[in-house]
Amino acid sequence: MKIAFLLHNAYGIGGTIRTTLNLASALADRHEVEIASMMRHREAPRFDVDPRIRLVPLADTRKGGQDAADPLSGEAARDFPAAEKRHHQYSRLIDVRAAGYLRDCAADVVVGTRPGVNVYLARFGRGGALRIAQEHLRHDAHSKALRAELARHYRRLDAVVTTTEADAAVYRARMPLPGVSVLAVPNSVPDPG
């Protein structure tokens, strides 16, 4: 099976990046795995990336990077939710590249890892793939405006996965998503050996 993860920025540092890399490495034991990074702000990722995982940066946001001269990189994002706290880091170029990636992605399973990226997945992901939104923050950590937008888009997904059963229960109660599985899967950690 081919599995693709969508990350805000695989070249950064943070818990969502670390846990996604852990899960991707575990899945690479049995599957073909790739990670699409919405942006690339440095030459190499800060965390080690398992060599079995294909890393695909969608937009080079480095100063002087290959996309710096693209006029779309200077335009505000229209598809990434304005209520998402990272909206200011997104551009029309990333919108276009994310839509193109998802349109052409041949993965059997595509997993988004933050609300705005999950909206890309809901809007542009192929219907033949299993589309999963991972939520690494609690439902109530999102603004009311963002929750309203997520409710509208998450209905098109196959599953929403939270890190705790308590948060999954909040999603089920406050964001009814008919036909969408809402599940809890704790963050993965590698075997300490």
# chains A, B, ... in the order shown; residues from 1 in each chain; ligands from 1
call {"tool": "residues_around", "arguments": {"residues": "region 31-43 of chain A", "least_positions_apart": "4", "cutoff": "8 Å", "atoms": "only C-alpha atoms", "output": "PDB file with N, CA, C and O atoms, in the first residue's frame"}}
result
ATOM      1  N   MET A   1       0.840  -1.165   0.000  1.00  0.00           N
ATOM      2  CA  MET A   1       0.000   0.000   0.000  1.00  0.00           C
ATOM      3  C   MET A   1       0.895   1.242   0.000  1.00  0.00           C
ATOM      4  O   MET A   1       1.985   1.234   0.559  1.00  0.00           O
ATOM      5  N   LYS A   2       0.412   2.315  -0.603  1.00  0.00           N
ATOM      6  CA  LYS A   2       1.141   3.580  -0.593  1.00  0.00           C
ATOM      7  C   LYS A   2       0.412   4.535   0.351  1.00  0.00           C
ATOM      8  O   LYS A   2      -0.795   4.728   0.250  1.00  0.00           O
ATOM      9  N   ILE A   3       1.186   5.136   1.273  1.00  0.00           N
ATOM     10  CA  ILE A   3       0.635   6.044   2.271  1.00  0.00           C
ATOM     11  C   ILE A   3       1.357   7.379   2.153  1.00  0.00           C
ATOM     12  O   ILE A   3       2.587   7.427   2.088  1.00  0.00           O
ATOM     13  N   ALA A   4       0.595   8.456   2.124  1.00  0.00           N
ATOM     14  CA  ALA A   4       1.173   9.803   2.059  1.00  0.00           C
ATOM     15  C   ALA A   4       0.719  10.603   3.276  1.00  0.00           C
ATOM     16  O   ALA A   4      -0.445  10.549   3.661  1.00  0.00           O
ATOM     17  N   PHE A   5       1.654  11.321   3.845  1.00  0.00           N
ATOM     18  CA  PHE A   5       1.359  12.248   4.938  1.00  0.00           C
ATOM     19  C   PHE A   5       1.537  13.659   4.420  1.00  0.00           C
ATOM     20  O   PHE A   5       2.438  13.930   3.625  1.00  0.00           O
ATOM     21  N   LEU A   6       0.709  14.563   4.890  1.00  0.00           N
ATOM     22  CA  LEU A   6       0.817  15.977   4.558  1.00  0.00           C
ATOM     23  C   LEU A   6       1.233  16.720   5.819  1.00  0.00           C
ATOM     24  O   LEU A   6       0.514  16.698   6.815  1.00  0.00           O
ATOM     25  N   LEU A   7       2.400  17.344   5.775  1.00  0.00           N
ATOM     26  CA  LEU A   7       2.914  18.088   6.924  1.00  0.00           C
ATOM     27  C   LEU A   7       3.005  19.569   6.591  1.00  0.00           C
ATOM     28  O   LEU A   7       3.349  19.934   5.464  1.00  0.00           O
ATOM     29  N   HIS A   8       2.784  20.395   7.573  1.00  0.00           N
ATOM     30  CA  HIS A   8       2.959  21.842   7.410  1.00  0.00           C
ATOM     31  C   HIS A   8       4.384  22.132   6.942  1.00  0.00           C
ATOM     32  O   HIS A   8       4.588  22.762   5.911  1.00  0.00           O
ATOM     33  N   ASN A   9       5.378  21.660   7.706  1.00  0.00           N
ATOM     34  CA  ASN A   9       6.773  21.904   7.346  1.00  0.00           C
ATOM     35  C   ASN A   9       7.655  20.814   7.945  1.00  0.00           C
ATOM     36  O   ASN A   9       8.033  20.895   9.118  1.00  0.00           O
ATOM     37  N   ALA A  10       7.994  19.832   7.149  1.00  0.00           N
ATOM     38  CA  ALA A  10       8.821  18.718   7.609  1.00  0.00           C
ATOM     39  C   ALA A  10      10.246  19.153   7.928  1.00  0.00           C
ATOM     40  O   ALA A  10      11.010  18.391   8.514  1.00  0.00           O
ATOM     41  N   TYR A  11      10.604  20.373   7.573  1.00  0.00           N
ATOM     42  CA  TYR A  11      11.957  20.876   7.796  1.00  0.00           C
ATOM     43  C   TYR A  11      12.073  21.610   9.133  1.00  0.00           C
ATOM     44  O   TYR A  11      13.158  22.053   9.512  1.00  0.00           O
ATOM     45  N   GLY A  12      10.962  21.734   9.852  1.00  0.00           N
ATOM     46  CA  GLY A  12      10.950  22.416  11.135  1.00  0.00           C
ATOM     47  C   GLY A  12      11.174  21.452  12.279  1.00  0.00           C
ATOM     48  O   GLY A  12      11.697  20.344  12.105  1.00  0.00           O
ATOM     49  N   ALA A  24       5.496   7.278  10.200  1.00  0.00           N
ATOM     50  CA  ALA A  24       5.902   6.995   8.821  1.00  0.00           C
ATOM     51  C   ALA A  24       6.993   5.922   8.789  1.00  0.00           C
ATOM     52  O   ALA A  24       6.960   5.018   7.949  1.00  0.00           O
ATOM     53  N   LEU A  27       5.423   2.533   9.507  1.00  0.00           N
ATOM     54  CA  LEU A  27       4.660   2.056   8.354  1.00  0.00           C
ATOM     55  C   LEU A  27       5.562   1.661   7.185  1.00  0.00           C
ATOM     56  O   LEU A  27       5.195   0.804   6.379  1.00  0.00           O
ATOM     57  N   ARG A  52      13.856   5.312   3.863  1.00  0.00           N
ATOM     58  CA  ARG A  52      12.812   4.622   3.096  1.00  0.00           C
ATOM     59  C   ARG A  52      11.640   5.536   2.795  1.00  0.00           C
ATOM     60  O   ARG A  52      10.764   5.190   2.008  1.00  0.00           O
ATOM     61  N   ILE A  53      11.606   6.707   3.417  1.00  0.00           N
ATOM     62  CA  ILE A  53      10.513   7.647   3.242  1.00  0.00           C
ATOM     63  C   ILE A  53      10.900   8.696   2.208  1.00  0.00           C
ATOM     64  O   ILE A  53      11.957   9.317   2.312  1.00  0.00           O
ATOM     65  N   ARG A  54      10.047   8.887   1.237  1.00  0.00           N
ATOM     66  CA  ARG A  54      10.282   9.925   0.221  1.00  0.00           C
ATOM     67  C   ARG A  54       9.739  11.248   0.751  1.00  0.00           C
ATOM     68  O   ARG A  54       8.570  11.339   1.125  1.00  0.00           O
ATOM     69  N   LEU A  55      10.583  12.272   0.805  1.00  0.00           N
ATOM     70  CA  LEU A  55      10.181  13.593   1.272  1.00  0.00           C
ATOM     71  C   LEU A  55       9.991  14.499   0.062  1.00  0.00           C
ATOM     72  O   LEU A  55      10.902  14.661  -0.756  1.00  0.00           O
ATOM     73  N   VAL A  56       8.794  15.088  -0.053  1.00  0.00           N
ATOM     74  CA  VAL A  56       8.431  15.910  -1.206  1.00  0.00           C
ATOM     75  C   VAL A  56       8.085  17.321  -0.733  1.00  0.00           C
ATOM     76  O   VAL A  56       6.988  17.552  -0.222  1.00  0.00           O
ATOM     77  N   PRO A  57       9.003  18.291  -0.868  1.00  0.00           N
ATOM     78  CA  PRO A  57       8.631  19.671  -0.524  1.00  0.00           C
ATOM     79  C   PRO A  57       7.802  20.278  -1.651  1.00  0.00           C
ATOM     80  O   PRO A  57       8.168  20.177  -2.828  1.00  0.00           O
ATOM     81  N   LEU A  58       6.674  20.905  -1.298  1.00  0.00           N
ATOM     82  CA  LEU A  58       5.797  21.462  -2.327  1.00  0.00           C
ATOM     83  C   LEU A  58       6.172  22.881  -2.723  1.00  0.00           C
ATOM     84  O   LEU A  58       5.988  23.260  -3.877  1.00  0.00           O
ATOM     85  N   ALA A  59       6.670  23.685  -1.781  1.00  0.00           N
ATOM     86  CA  ALA A  59       7.070  25.058  -2.100  1.00  0.00           C
ATOM     87  C   ALA A  59       8.359  25.384  -1.359  1.00  0.00           C
ATOM     88  O   ALA A  59       8.456  25.178  -0.149  1.00  0.00           O
ATOM     89  N   ASP A  60       9.334  25.884  -2.080  1.00  0.00           N
ATOM     90  CA  ASP A  60      10.620  26.266  -1.505  1.00  0.00           C
ATOM     91  C   ASP A  60      10.501  27.709  -1.018  1.00  0.00           C
ATOM     92  O   ASP A  60      10.509  28.646  -1.813  1.00  0.00           O
ATOM     93  N   THR A  61      10.359  27.878   0.298  1.00  0.00           N
ATOM     94  CA  THR A  61      10.152  29.212   0.870  1.00  0.00           C
ATOM     95  C   THR A  61      11.453  29.837   1.377  1.00  0.00           C
ATOM     96  O   THR A  61      11.417  30.898   2.009  1.00  0.00           O
ATOM     97  N   ARG A  62      12.592  29.203   1.086  1.00  0.00           N
ATOM     98  CA  ARG A  62      13.875  29.780   1.511  1.00  0.00           C
ATOM     99  C   ARG A  62      14.133  31.076   0.758  1.00  0.00           C
ATOM    100  O   ARG A  62      13.741  31.221  -0.401  1.00  0.00           O
ATOM    101  N   ILE A  94       1.380  27.874  -2.440  1.00  0.00           N
ATOM    102  CA  ILE A  94       1.204  26.636  -1.675  1.00  0.00           C
ATOM    103  C   ILE A  94      -0.186  26.062  -1.925  1.00  0.00           C
ATOM    104  O   ILE A  94      -0.338  24.845  -2.085  1.00  0.00           O
ATOM    105  N   ALA A  98      -0.440  22.371  -3.347  1.00  0.00           N
ATOM    106  CA  ALA A  98      -1.119  21.354  -2.539  1.00  0.00           C
ATOM    107  C   ALA A  98      -2.264  20.719  -3.328  1.00  0.00           C
ATOM    108  O   ALA A  98      -2.421  19.491  -3.336  1.00  0.00           O
TER     109      ALA A  98
END
call {"tool": "residues_around", "arguments": {"residues": "region 133-135 of chain A", "least_positions_apart": "3", "cutoff": "6 Å", "atoms": "only C-alpha atoms", "output": "list in words"}}
result
Val111, Gly112, Thr113, Asn118, Val160, Val161 and Thr162 of chain A
call {"tool": "atom_distance", "arguments": {"atom1": "CA of Tyr171 (chain A)", "atom2": "CA of His88 (chain A)"}}
result
26.3 Å
call {"tool": "residues_around", "arguments": {"residues": "region 71-75 of chain A", "least_positions_apart": "5", "cutoff": "7 Å", "atoms": "only C-alpha atoms", "output": "PyMOL selection string"}}
result
chain A and resi 91-93
call {"tool": "atom_distance", "arguments": {"atom1": "CA of Ala82 (chain A)", "atom2": "CA of Phe124 (chain A)"}}
result
17.3 Å
call {"tool": "select_by_dssp", "arguments": {"residues": "region 2-193 of chain A", "states": "helix (DSSP H, G or I)", "output": "ChimeraX atom specification"}}
result
/A:15-27,71-74,87-89,92-104,115-124,139-141,144-154,165-174
call {"tool": "residues_around", "arguments": {"residues": "region 179-182 of chain A", "least_positions_apart": "4", "cutoff": "7 Å", "atoms": "only C-alpha atoms", "output": "ChimeraX atom specification"}}
result
/A:155,157-161,168,172
call {"tool": "write_last_selection", "arguments": {"atoms": "N, CA and C atoms", "output": "PDB file, in the first residue's frame"}}
result
ATOM      1  N   ARG A 155     -16.558  16.873   6.678  1.00  0.00           N
ATOM      2  CA  ARG A 155     -17.625  15.962   6.248  1.00  0.00           C
ATOM      3  C   ARG A 155     -17.241  15.160   5.001  1.00  0.00           C
ATOM      4  N   LEU A 157     -14.266  13.865   4.471  1.00  0.00           N
ATOM      5  CA  LEU A 157     -13.180  12.939   4.787  1.00  0.00           C
ATOM      6  C   LEU A 157     -13.725  11.572   5.177  1.00  0.00           C
ATOM      7  N   ASP A 158     -12.831  10.610   5.258  1.00  0.00           N
ATOM      8  CA  ASP A 158     -13.225   9.269   5.694  1.00  0.00           C
ATOM      9  C   ASP A 158     -13.104   9.108   7.202  1.00  0.00           C
ATOM     10  N   ALA A 159     -12.123   9.807   7.801  1.00  0.00           N
ATOM     11  CA  ALA A 159     -11.921   9.685   9.245  1.00  0.00           C
ATOM     12  C   ALA A 159     -11.248  10.930   9.795  1.00  0.00           C
ATOM     13  N   VAL A 160     -11.548  11.196  11.053  1.00  0.00           N
ATOM     14  CA  VAL A 160     -10.849  12.210  11.840  1.00  0.00           C
ATOM     15  C   VAL A 160     -10.267  11.461  13.028  1.00  0.00           C
ATOM     16  N   VAL A 161      -8.974  11.634  13.255  1.00  0.00           N
ATOM     17  CA  VAL A 161      -8.284  10.918  14.318  1.00  0.00           C
ATOM     18  C   VAL A 161      -7.703  11.920  15.305  1.00  0.00           C
ATOM     19  N   ALA A 168     -11.817  12.761  21.043  1.00  0.00           N
ATOM     20  CA  ALA A 168     -12.690  12.148  20.028  1.00  0.00           C
ATOM     21  C   ALA A 168     -14.153  12.291  20.448  1.00  0.00           C
ATOM     22  N   ARG A 172     -17.177  14.118  18.407  1.00  0.00           N
ATOM     23  CA  ARG A 172     -18.447  13.456  18.102  1.00  0.00           C
ATOM     24  C   ARG A 172     -19.635  14.270  18.603  1.00  0.00           C
TER      25      ARG A 172
END
call {"tool": "select_by_dssp", "arguments": {"residues": "region 64-170 of chain A", "states": "strand (DSSP E)", "output": "list in words"}}
result
Val109, Val110, Val111, Gly112, Leu130, Arg131, Ile132, Ala133, Gln134, Ala159, Val160, Val161 and Thr162 of chain A
call {"tool": "closest_residue", "arguments": {"among": "A:Ala184, A:Ala151, A:Ala76, A:Cys105", "to": "Arg126 (chain A)", "atoms": "only C-alpha atoms"}}
result
A:Cys105
call {"tool": "atom_distance", "arguments": {"atom1": "CA of Ser25 (chain A)", "atom2": "CA of Asp50 (chain A)"}}
result
6.1 Å
call {"tool": "closest_residue", "arguments": {"among": "A:Asp104, A:Asp95, A:Asp48, A:Glu149", "to": "Arg78 (chain A)", "atoms": "only C-alpha atoms"}}
result
A:Asp95
call {"tool": "residues_around", "arguments": {"residues": "His87 (chain A)", "least_positions_apart": "4", "cutoff": "8 Å", "atoms": "only C-alpha atoms", "output": "list in words"}}
result
Ala77, Phe80, Pro81, Ala82, Ala83 and Gly116 of chain A
call {"tool": "write_last_selection", "arguments": {"atoms": "N, CA, C and O atoms", "output": "compact mmCIF listing (two decimals), in the first residue's frame"}}
result
# COMPACT_ATOMS: atom_id res chain seq x y z
N ALA A 77 -2.86 33.09 0.71
CA ALA A 77 -3.59 31.85 0.44
C ALA A 77 -5.09 32.11 0.41
O ALA A 77 -5.59 32.92 1.18
N PHE A 80 -6.36 27.77 2.02
CA PHE A 80 -6.01 27.48 3.41
C PHE A 80 -6.90 28.35 4.29
O PHE A 80 -7.05 29.54 4.04
N PRO A 81 -7.52 27.80 5.33
CA PRO A 81 -8.48 28.57 6.13
C PRO A 81 -7.86 29.81 6.77
O PRO A 81 -6.83 29.74 7.43
N ALA A 82 -8.51 30.94 6.59
CA ALA A 82 -8.02 32.21 7.15
C ALA A 82 -8.02 32.17 8.67
O ALA A 82 -7.20 32.85 9.31
N ALA A 83 -8.88 31.40 9.29
CA ALA A 83 -8.96 31.32 10.75
C ALA A 83 -7.87 30.43 11.36
O ALA A 83 -7.71 30.41 12.58
N GLY A 116 -5.55 23.25 8.70
CA GLY A 116 -5.54 23.84 7.36
C GLY A 116 -5.15 22.85 6.28
O GLY A 116 -5.72 22.84 5.18
call {"tool": "closest_residue", "arguments": {"among": "A:Val110, A:Val49, A:Ala129, A:Leu23", "to": "Val185 (chain A)", "atoms": "only C-alpha atoms"}}
result
A:Leu23
call {"tool": "decode", "arguments": {"residues": "region 2-27 of chain A", "atoms": "N, CA, C and O atoms", "output": "PDB file, in the first residue's frame"}}
result
ATOM      1  N   LYS A   2       0.412   2.315  -0.603  1.00  0.00           N
ATOM      2  CA  LYS A   2       1.141   3.580  -0.593  1.00  0.00           C
ATOM      3  C   LYS A   2       0.412   4.535   0.351  1.00  0.00           C
ATOM      4  O   LYS A   2      -0.795   4.728   0.250  1.00  0.00           O
ATOM      5  N   ILE A   3       1.186   5.136   1.273  1.00  0.00           N
ATOM      6  CA  ILE A   3       0.635   6.044   2.271  1.00  0.00           C
ATOM      7  C   ILE A   3       1.357   7.379   2.153  1.00  0.00           C
ATOM      8  O   ILE A   3       2.587   7.427   2.088  1.00  0.00           O
ATOM      9  N   ALA A   4       0.595   8.456   2.124  1.00  0.00           N
ATOM     10  CA  ALA A   4       1.173   9.803   2.059  1.00  0.00           C
ATOM     11  C   ALA A   4       0.719  10.603   3.276  1.00  0.00           C
ATOM     12  O   ALA A   4      -0.445  10.549   3.661  1.00  0.00           O
ATOM     13  N   PHE A   5       1.654  11.321   3.845  1.00  0.00           N
ATOM     14  CA  PHE A   5       1.359  12.248   4.938  1.00  0.00           C
ATOM     15  C   PHE A   5       1.537  13.659   4.420  1.00  0.00           C
ATOM     16  O   PHE A   5       2.438  13.930   3.625  1.00  0.00           O
ATOM     17  N   LEU A   6       0.709  14.563   4.890  1.00  0.00           N
ATOM     18  CA  LEU A   6       0.817  15.977   4.558  1.00  0.00           C
ATOM     19  C   LEU A   6       1.233  16.720   5.819  1.00  0.00           C
ATOM     20  O   LEU A   6       0.514  16.698   6.815  1.00  0.00           O
ATOM     21  N   LEU A   7       2.400  17.344   5.775  1.00  0.00           N
ATOM     22  CA  LEU A   7       2.914  18.088   6.924  1.00  0.00           C
ATOM     23  C   LEU A   7       3.005  19.569   6.591  1.00  0.00           C
ATOM     24  O   LEU A   7       3.349  19.934   5.464  1.00  0.00           O
ATOM     25  N   HIS A   8       2.784  20.395   7.573  1.00  0.00           N
ATOM     26  CA  HIS A   8       2.959  21.842   7.410  1.00  0.00           C
ATOM     27  C   HIS A   8       4.384  22.132   6.942  1.00  0.00           C
ATOM     28  O   HIS A   8       4.588  22.762   5.911  1.00  0.00           O
ATOM     29  N   ASN A   9       5.378  21.660   7.706  1.00  0.00           N
ATOM     30  CA  ASN A   9       6.773  21.904   7.346  1.00  0.00           C
ATOM     31  C   ASN A   9       7.655  20.814   7.945  1.00  0.00           C
ATOM     32  O   ASN A   9       8.033  20.895   9.118  1.00  0.00           O
ATOM     33  N   ALA A  10       7.994  19.832   7.149  1.00  0.00           N
ATOM     34  CA  ALA A  10       8.821  18.718   7.609  1.00  0.00           C
ATOM     35  C   ALA A  10      10.246  19.153   7.928  1.00  0.00           C
ATOM     36  O   ALA A  10      11.010  18.391   8.514  1.00  0.00           O
ATOM     37  N   TYR A  11      10.604  20.373   7.573  1.00  0.00           N
ATOM     38  CA  TYR A  11      11.957  20.876   7.796  1.00  0.00           C
ATOM     39  C   TYR A  11      12.073  21.610   9.133  1.00  0.00           C
ATOM     40  O   TYR A  11      13.158  22.053   9.512  1.00  0.00           O
ATOM     41  N   GLY A  12      10.962  21.734   9.852  1.00  0.00           N
ATOM     42  CA  GLY A  12      10.950  22.416  11.135  1.00  0.00           C
ATOM     43  C   GLY A  12      11.174  21.452  12.279  1.00  0.00           C
ATOM     44  O   GLY A  12      11.697  20.344  12.105  1.00  0.00           O
ATOM     45  N   ILE A  13      10.755  21.896  13.443  1.00  0.00           N
ATOM     46  CA  ILE A  13      10.899  21.072  14.644  1.00  0.00           C
ATOM     47  C   ILE A  13       9.601  21.197  15.445  1.00  0.00           C
ATOM     48  O   ILE A  13       9.013  22.273  15.496  1.00  0.00           O
ATOM     49  N   GLY A  14       9.138  20.111  15.976  1.00  0.00           N
ATOM     50  CA  GLY A  14       7.905  20.139  16.764  1.00  0.00           C
ATOM     51  C   GLY A  14       7.338  18.743  16.933  1.00  0.00           C
ATOM     52  O   GLY A  14       7.777  17.785  16.279  1.00  0.00           O
ATOM     53  N   GLY A  15       6.354  18.652  17.814  1.00  0.00           N
ATOM     54  CA  GLY A  15       5.774  17.359  18.146  1.00  0.00           C
ATOM     55  C   GLY A  15       5.052  16.689  17.001  1.00  0.00           C
ATOM     56  O   GLY A  15       5.146  15.466  16.828  1.00  0.00           O
ATOM     57  N   THR A  16       4.313  17.452  16.214  1.00  0.00           N
ATOM     58  CA  THR A  16       3.586  16.856  15.089  1.00  0.00           C
ATOM     59  C   THR A  16       4.569  16.288  14.066  1.00  0.00           C
ATOM     60  O   THR A  16       4.350  15.198  13.524  1.00  0.00           O
ATOM     61  N   ILE A  17       5.640  17.000  13.825  1.00  0.00           N
ATOM     62  CA  ILE A  17       6.651  16.508  12.873  1.00  0.00           C
ATOM     63  C   ILE A  17       7.278  15.229  13.406  1.00  0.00           C
ATOM     64  O   ILE A  17       7.368  14.220  12.696  1.00  0.00           O
ATOM     65  N   ARG A  18       7.680  15.247  14.683  1.00  0.00           N
ATOM     66  CA  ARG A  18       8.337  14.076  15.281  1.00  0.00           C
ATOM     67  C   ARG A  18       7.424  12.860  15.245  1.00  0.00           C
ATOM     68  O   ARG A  18       7.829  11.777  14.833  1.00  0.00           O
ATOM     69  N   THR A  19       6.175  13.014  15.680  1.00  0.00           N
ATOM     70  CA  THR A  19       5.287  11.855  15.732  1.00  0.00           C
ATOM     71  C   THR A  19       4.927  11.366  14.329  1.00  0.00           C
ATOM     72  O   THR A  19       4.761  10.163  14.105  1.00  0.00           O
ATOM     73  N   THR A  20       4.825  12.269  13.361  1.00  0.00           N
ATOM     74  CA  THR A  20       4.562  11.858  11.979  1.00  0.00           C
ATOM     75  C   THR A  20       5.738  11.064  11.426  1.00  0.00           C
ATOM     76  O   THR A  20       5.552  10.032  10.771  1.00  0.00           O
ATOM     77  N   LEU A  21       6.953  11.523  11.698  1.00  0.00           N
ATOM     78  CA  LEU A  21       8.139  10.779  11.248  1.00  0.00           C
ATOM     79  C   LEU A  21       8.205   9.410  11.917  1.00  0.00           C
ATOM     80  O   LEU A  21       8.578   8.417  11.275  1.00  0.00           O
ATOM     81  N   ASN A  22       7.852   9.324  13.207  1.00  0.00           N
ATOM     82  CA  ASN A  22       7.829   8.031  13.900  1.00  0.00           C
ATOM     83  C   ASN A  22       6.843   7.077  13.236  1.00  0.00           C
ATOM     84  O   ASN A  22       7.165   5.923  12.955  1.00  0.00           O
ATOM     85  N   LEU A  23       5.629   7.560  13.001  1.00  0.00           N
ATOM     86  CA  LEU A  23       4.597   6.722  12.389  1.00  0.00           C
ATOM     87  C   LEU A  23       4.978   6.327  10.967  1.00  0.00           C
ATOM     88  O   LEU A  23       4.831   5.169  10.570  1.00  0.00           O
ATOM     89  N   ALA A  24       5.496   7.278  10.200  1.00  0.00           N
ATOM     90  CA  ALA A  24       5.902   6.995   8.821  1.00  0.00           C
ATOM     91  C   ALA A  24       6.993   5.922   8.789  1.00  0.00           C
ATOM     92  O   ALA A  24       6.960   5.018   7.949  1.00  0.00           O
ATOM     93  N   SER A  25       7.941   5.998   9.712  1.00  0.00           N
ATOM     94  CA  SER A  25       9.010   4.989   9.772  1.00  0.00           C
ATOM     95  C   SER A  25       8.454   3.605  10.093  1.00  0.00           C
ATOM     96  O   SER A  25       8.858   2.613   9.486  1.00  0.00           O
ATOM     97  N   ALA A  26       7.530   3.549  11.049  1.00  0.00           N
ATOM     98  CA  ALA A  26       6.926   2.261  11.403  1.00  0.00           C
ATOM     99  C   ALA A  26       6.161   1.684  10.214  1.00  0.00           C
ATOM    100  O   ALA A  26       6.256   0.491   9.919  1.00  0.00           O
ATOM    101  N   LEU A  27       5.423   2.533   9.507  1.00  0.00           N
ATOM    102  CA  LEU A  27       4.660   2.056   8.354  1.00  0.00           C
ATOM    103  C   LEU A  27       5.562   1.661   7.185  1.00  0.00           C
ATOM    104  O   LEU A  27       5.195   0.804   6.379  1.00  0.00           O
TER     105      LEU A  27
END
